[in-house]
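Here is coords-v2.txt, consisting of compact mmCIF, C-alpha atoms:
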```txt
# COMPACT_ATOMS: atom_id res chain seq x y z
CA LEU A 1 118.41 99.93 86.00
CA THR A 2 119.90 96.45 85.95
CA ASP A 3 118.50 92.92 86.22
CA MET A 4 119.99 89.78 84.72
CA ASP A 5 116.78 87.75 85.06
CA ILE A 6 114.43 86.73 82.26
CA ILE A 7 110.66 87.19 82.63
CA GLU A 8 108.72 83.93 83.07
CA LYS A 9 104.98 83.33 82.96
CA SER A 10 104.87 82.86 86.73
CA ASN A 11 106.23 86.39 87.26
CA LEU A 12 103.15 88.06 85.80
CA SER A 13 100.94 87.56 88.84
CA ARG A 14 103.24 89.49 91.19
CA GLN A 15 105.41 91.78 89.02
CA LEU A 16 102.89 94.24 87.72
CA LEU A 17 105.01 96.05 85.14
CA PHE A 18 105.10 92.97 82.90
CA ARG A 19 102.58 91.54 80.42
CA ASP A 20 102.24 88.30 78.42
CA VAL A 21 104.19 89.79 75.49
CA ASP A 22 107.15 90.39 77.83
CA VAL A 23 107.74 86.70 78.63
CA GLY A 24 111.26 85.81 77.54
CA LYS A 25 112.59 89.38 77.72
CA PHE A 26 115.11 90.66 80.24
CA LYS A 27 113.27 92.23 83.17
CA SER A 28 115.29 95.45 82.95
CA THR A 29 114.47 95.90 79.26
CA ALA A 30 110.76 95.22 79.75
CA ALA A 31 110.66 97.55 82.78
CA LEU A 32 112.19 100.34 80.69
CA GLU A 33 109.54 99.84 78.01
CA ALA A 34 106.74 99.80 80.61
CA ILE A 35 107.95 102.98 82.32
CA HIS A 36 108.21 104.76 78.97
CA ARG A 37 104.58 103.87 78.29
CA PHE A 38 103.71 105.81 81.47
CA ASN A 39 106.08 108.67 80.78
CA PRO A 40 108.19 108.73 77.59
CA ARG A 41 110.33 111.59 78.96
CA VAL A 42 111.85 109.53 81.78
CA ARG A 43 115.55 108.87 81.12
CA ILE A 44 116.57 105.29 81.90
CA GLU A 45 119.55 103.12 81.01
CA ALA A 46 118.71 99.40 81.09
CA HIS A 47 121.48 96.84 81.75
CA THR A 48 121.61 93.08 82.27
CA SER A 49 124.72 93.12 84.47
CA LYS A 50 125.17 91.16 87.67
CA VAL A 51 125.70 93.25 90.81
CA GLY A 52 128.64 92.22 92.99
CA ASP A 53 132.30 92.73 93.88
CA ASP A 54 133.31 89.85 91.56
CA VAL A 55 132.12 91.74 88.46
CA GLU A 56 134.85 93.51 86.51
CA GLY A 57 134.19 96.38 84.13
CA GLY A 58 130.65 97.02 82.95
CA ALA A 59 128.49 100.03 83.61
CA PHE A 60 128.87 100.17 87.39
CA ASP A 61 132.48 101.33 87.70
CA ASP A 62 134.03 104.22 89.65
CA ALA A 63 132.78 106.69 87.05
CA PHE A 64 129.19 105.54 87.65
CA TRP A 65 129.46 106.27 91.37
CA SER A 66 131.06 109.69 90.88
CA GLU A 67 128.83 111.10 88.12
CA GLY A 68 126.03 112.74 90.05
CA ILE A 69 124.27 109.65 91.44
CA ASP A 70 122.02 110.83 94.29
CA ALA A 71 120.44 107.60 95.53
CA ILE A 72 120.33 103.86 94.91
CA LEU A 73 117.13 101.80 94.98
CA ASN A 74 117.74 98.15 95.84
CA ALA A 75 115.33 95.29 95.13
CA LEU A 76 117.85 92.45 95.23
CA ASP A 77 117.21 88.82 96.05
CA ASN A 78 120.38 87.88 97.94
CA VAL A 79 122.34 89.24 100.89
CA ASP A 80 125.76 89.30 99.19
CA ALA A 81 124.55 91.68 96.48
CA ARG A 82 122.84 93.87 99.07
CA LEU A 83 126.00 94.09 101.17
CA TYR A 84 128.04 94.99 98.09
CA MET A 85 125.68 97.83 97.11
CA ASP A 86 125.59 99.01 100.72
CA SER A 87 129.40 99.11 100.91
CA GLN A 88 129.56 101.15 97.70
CA CYS A 89 126.96 103.61 99.01
CA VAL A 90 128.90 103.99 102.28
CA ALA A 91 132.21 104.49 100.44
CA HIS A 92 130.75 107.11 98.08
CA ARG A 93 128.32 108.65 100.61
CA LYS A 94 125.18 107.87 98.59
CA SER A 95 121.67 107.43 99.95
CA LEU A 96 120.21 103.93 99.74
CA VAL A 97 116.66 102.58 99.81
CA ASP A 98 116.72 98.81 100.25
CA ALA A 99 113.49 96.83 99.81
CA GLY A 100 112.59 93.18 99.65
CA THR A 101 109.74 90.70 99.93
CA LEU A 102 109.35 87.15 101.15
CA GLY A 103 105.93 85.66 100.55
CA ALA A 104 103.39 88.07 102.02
CA LYS A 105 106.04 89.89 104.07
CA GLY A 106 108.01 92.95 103.02
CA ASN A 107 110.62 95.33 104.36
CA VAL A 108 112.08 98.74 103.46
CA GLN A 109 115.20 100.33 104.93
CA VAL A 110 116.25 103.91 104.17
CA VAL A 111 119.95 104.72 104.62
CA VAL A 112 121.03 108.38 104.76
CA PRO A 113 124.80 109.03 104.84
CA GLY A 114 125.90 110.35 108.23
CA GLN A 115 122.41 110.16 109.70
CA SER A 116 121.41 106.48 109.88
CA GLU A 117 123.03 103.11 110.16
CA SER A 118 123.94 101.30 106.95
CA TYR A 119 122.38 98.07 105.74
CA GLY A 120 125.53 96.17 106.68
CA SER A 121 125.47 97.50 110.26
CA SER A 122 122.84 94.92 111.19
CA VAL A 123 122.93 91.23 110.40
CA ASP A 124 120.13 89.55 108.46
CA PRO A 125 119.18 85.99 109.37
CA PRO A 126 120.60 83.42 106.95
CA GLU A 127 118.58 82.91 103.78
CA PRO A 128 116.34 79.83 104.24
CA ALA A 129 116.43 78.92 100.55
CA ILE A 130 118.18 79.80 97.31
CA PRO A 131 116.04 82.15 95.16
CA VAL A 132 114.50 80.34 92.18
CA CYS A 133 115.68 83.00 89.73
CA THR A 134 119.28 82.44 90.88
CA LEU A 135 118.98 78.68 90.33
CA LYS A 136 117.45 79.06 86.86
CA ASN A 137 119.42 81.96 85.43
CA PHE A 138 122.68 82.55 87.26
CA PRO A 139 123.90 79.79 89.61
CA TYR A 140 127.27 81.07 90.83
CA GLU A 141 128.06 78.72 93.73
CA ILE A 142 128.48 74.94 93.93
CA SER A 143 125.53 74.82 96.33
CA HIS A 144 123.34 76.35 93.61
CA THR A 145 124.16 73.64 91.05
CA ILE A 146 123.65 70.94 93.69
CA GLN A 147 120.24 72.36 94.58
CA TRP A 148 119.35 72.65 90.88
CA GLY A 149 120.16 68.95 90.43
CA ARG A 150 118.16 67.99 93.52
CA ASP A 151 115.16 69.98 92.32
CA LEU A 152 115.38 68.39 88.85
CA PHE A 153 115.65 64.87 90.32
CA ASP A 154 112.76 65.48 92.72
CA GLY A 155 110.60 66.82 89.90
CA LEU A 156 111.25 63.90 87.55
CA PHE A 157 111.25 61.00 90.01
CA ASN A 158 109.02 62.14 92.86
CA LYS A 159 106.69 65.03 91.98
CA ARG A 160 105.63 63.86 88.50
CA PRO A 161 105.06 60.16 89.42
CA CYS A 162 103.02 61.20 92.49
CA GLN A 163 101.09 63.65 90.33
CA MET A 164 100.26 60.85 87.88
CA ASN A 165 99.25 58.40 90.59
CA ASP A 166 96.94 60.96 92.22
CA ASN A 167 95.13 61.72 88.94
CA ILE A 168 95.40 58.50 86.93
CA ASP A 169 91.65 57.73 87.08
CA ASP A 170 90.74 61.16 85.68
CA LEU A 171 93.37 60.86 82.95
CA ALA A 172 92.31 57.35 81.94
CA SER A 173 88.67 58.38 81.54
CA GLY A 174 89.55 61.61 79.74
CA PRO A 175 90.03 64.90 81.63
CA SER A 176 86.70 66.56 82.42
CA LEU A 177 85.74 70.15 83.11
CA ASP A 178 85.47 69.34 86.81
CA PHE A 179 89.01 67.93 86.78
CA THR A 180 90.30 71.11 85.08
CA ARG A 181 88.50 73.36 87.56
CA ARG A 182 89.88 71.35 90.47
CA LEU A 183 93.43 71.70 89.16
CA ILE A 184 93.05 75.47 88.79
CA ARG A 185 91.43 75.81 92.23
CA ASN A 186 94.19 73.80 93.94
CA LEU A 187 97.22 75.06 92.02
CA GLY A 188 96.38 78.38 90.38
CA ASP A 189 96.30 79.11 86.65
CA ASP A 190 100.01 78.90 85.79
CA ALA A 191 100.82 75.89 87.98
CA ALA A 192 97.69 74.08 86.75
CA LEU A 193 98.74 74.58 83.13
CA GLU A 194 102.23 73.28 83.88
CA ALA A 195 100.83 70.26 85.75
CA ALA A 196 98.40 69.49 82.90
CA GLU A 197 101.24 69.55 80.35
CA GLU A 198 103.40 67.30 82.52
CA MET A 199 100.58 64.79 83.11
CA SER A 200 99.74 64.73 79.40
CA GLN A 201 103.36 63.95 78.53
CA ASP A 202 103.70 61.31 81.24
CA TYR A 203 100.36 59.64 80.47
CA HIS A 204 101.11 59.35 76.74
CA ALA A 205 104.62 58.07 77.47
CA ALA A 206 103.20 55.41 79.82
CA SER A 207 100.51 54.45 77.27
CA ASN A 208 103.12 54.07 74.52
CA ASP A 209 105.31 51.93 76.76
CA ARG A 210 102.35 49.70 77.64
CA ASN A 211 101.35 49.31 73.98
CA SER A 212 104.92 48.42 73.03
CA ALA A 213 105.09 45.83 75.79
CA GLU A 214 101.80 44.27 74.65
CA PHE A 215 103.05 44.17 71.05
CA PHE A 216 106.18 42.28 71.98
```
So that I can check it, write out the structure of this file as structure tokens.
Amino acid sequence: LTDMDIIEKSNLSRQLLFRDVDVGKFKSTAALEAIHRFNPRVRIEAHTSKVGDDVEGGAFDDAFWSEGIDAILNALDNVDARLYMDSQCVAHRKSLVDAGTLGAKGNVQVVVPGQSESYGSSVDPPEPAIPVCTLKNFPYEISHTIQWGRDLFDGLFNKRPCQMNDNIDDLASGPSLDFTRRLIRNLGDDAALEAAEEMSQDYHAASNDRNSAEFF
């Protein structure tokens, strides 16, 4: 079991193995712990290695593929990694179950050596966006760092100022219970908490700047 991503608060609503105490842990490590709570006798090796043909050494070498592996279960978030795993399964004649989600949609493909087409035999449409976990944890292409910078700029100079302007009256009069409920209803628990923290920081920064200007 391998996953190089770290668990974030926003993962908890859709990745049901994880709990609040797991935030900050590697997903593979927390998944191992969760599975052992269900059945302590299950044998699992947890890794934090990237999957791909540009990875040298590590646990997933030729010995891994030749030592009695029966099937591979894929839940990867990018096409390149999926194609790599598919090519390894084809080369070593291993069964593959590939699964993925996008919003409310999901897909599963079962590949049986010699009996079905491989994942790479058909062409997926191009990915419409770079996965957030790739941007945050393992940007490996120039386009990823460019998108990370664009997202950061948009958040600081577009999203947060607009957020302040939309809610300045509520903030100036002191946030009420109705304001809090409206945030949660519109954004959801995690996003509402993040927005409240951002607006608190921005409002106090603006108040301090105004007080300094009045002093001078």
Taking 4 positions as the minimum chain separation for residues in the same chain, which residues sit within 12 Å of segment 78-88 of chain A when counting all atoms listed in the file? Answer as a ChimeraX atom specification. /A:3,50-55,60-62,64-66,69,71-74,92-102,109-113,117-134,140
Exercise: Ser28 of chain A partners within 6 Å, all atoms listed in the file, chain neighbours under 3 positions left out, as JSON, numbers by chain: {"A": [2, 3, 31, 46]}
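Point (93.1, 74.4, 91.1) has the following residues at most 12 Å away: Leu177, Asp178, Phe179, Thr180, Arg181, Arg182, Leu183, Ile184, Arg185, Asn186, Leu187, Gly188, Asp189, Asp190, Ala191, Ala192, Leu193, Glu194, Ala195 and Ala196 of chain A (atoms considered: all atoms listed in the file).
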Using only C-alpha atoms, which of the listed residues (A:Gln15, A:Gln147, A:Thr48, A:Ser200) sits closest to Leu171 of chain A? A:Ser200
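Pairwise distance (atom CA of Ile142 of chain A, atom CA of Phe157 of chain A) equals 22.5 Å.
The coordinates place atom CA of Asn158 of chain A at 27.9 Å from atom CA of Asp5 of chain A.
Using all atoms listed in the file, the protein and nucleic acid residues lying at most 8 Å from the point (112.2, 85.9, 79.9) are Asp5, Ile6, Ile7, Glu8, Asp22, Val23, Gly24, Lys25, Phe26 and Lys27 of chain A.
With only C-alpha atoms as the atoms that count, the minimum distance from Thr29 of chain A to the choices A:Arg14, A:Lys9, A:Arg41, A:His47 is reached by A:His47.
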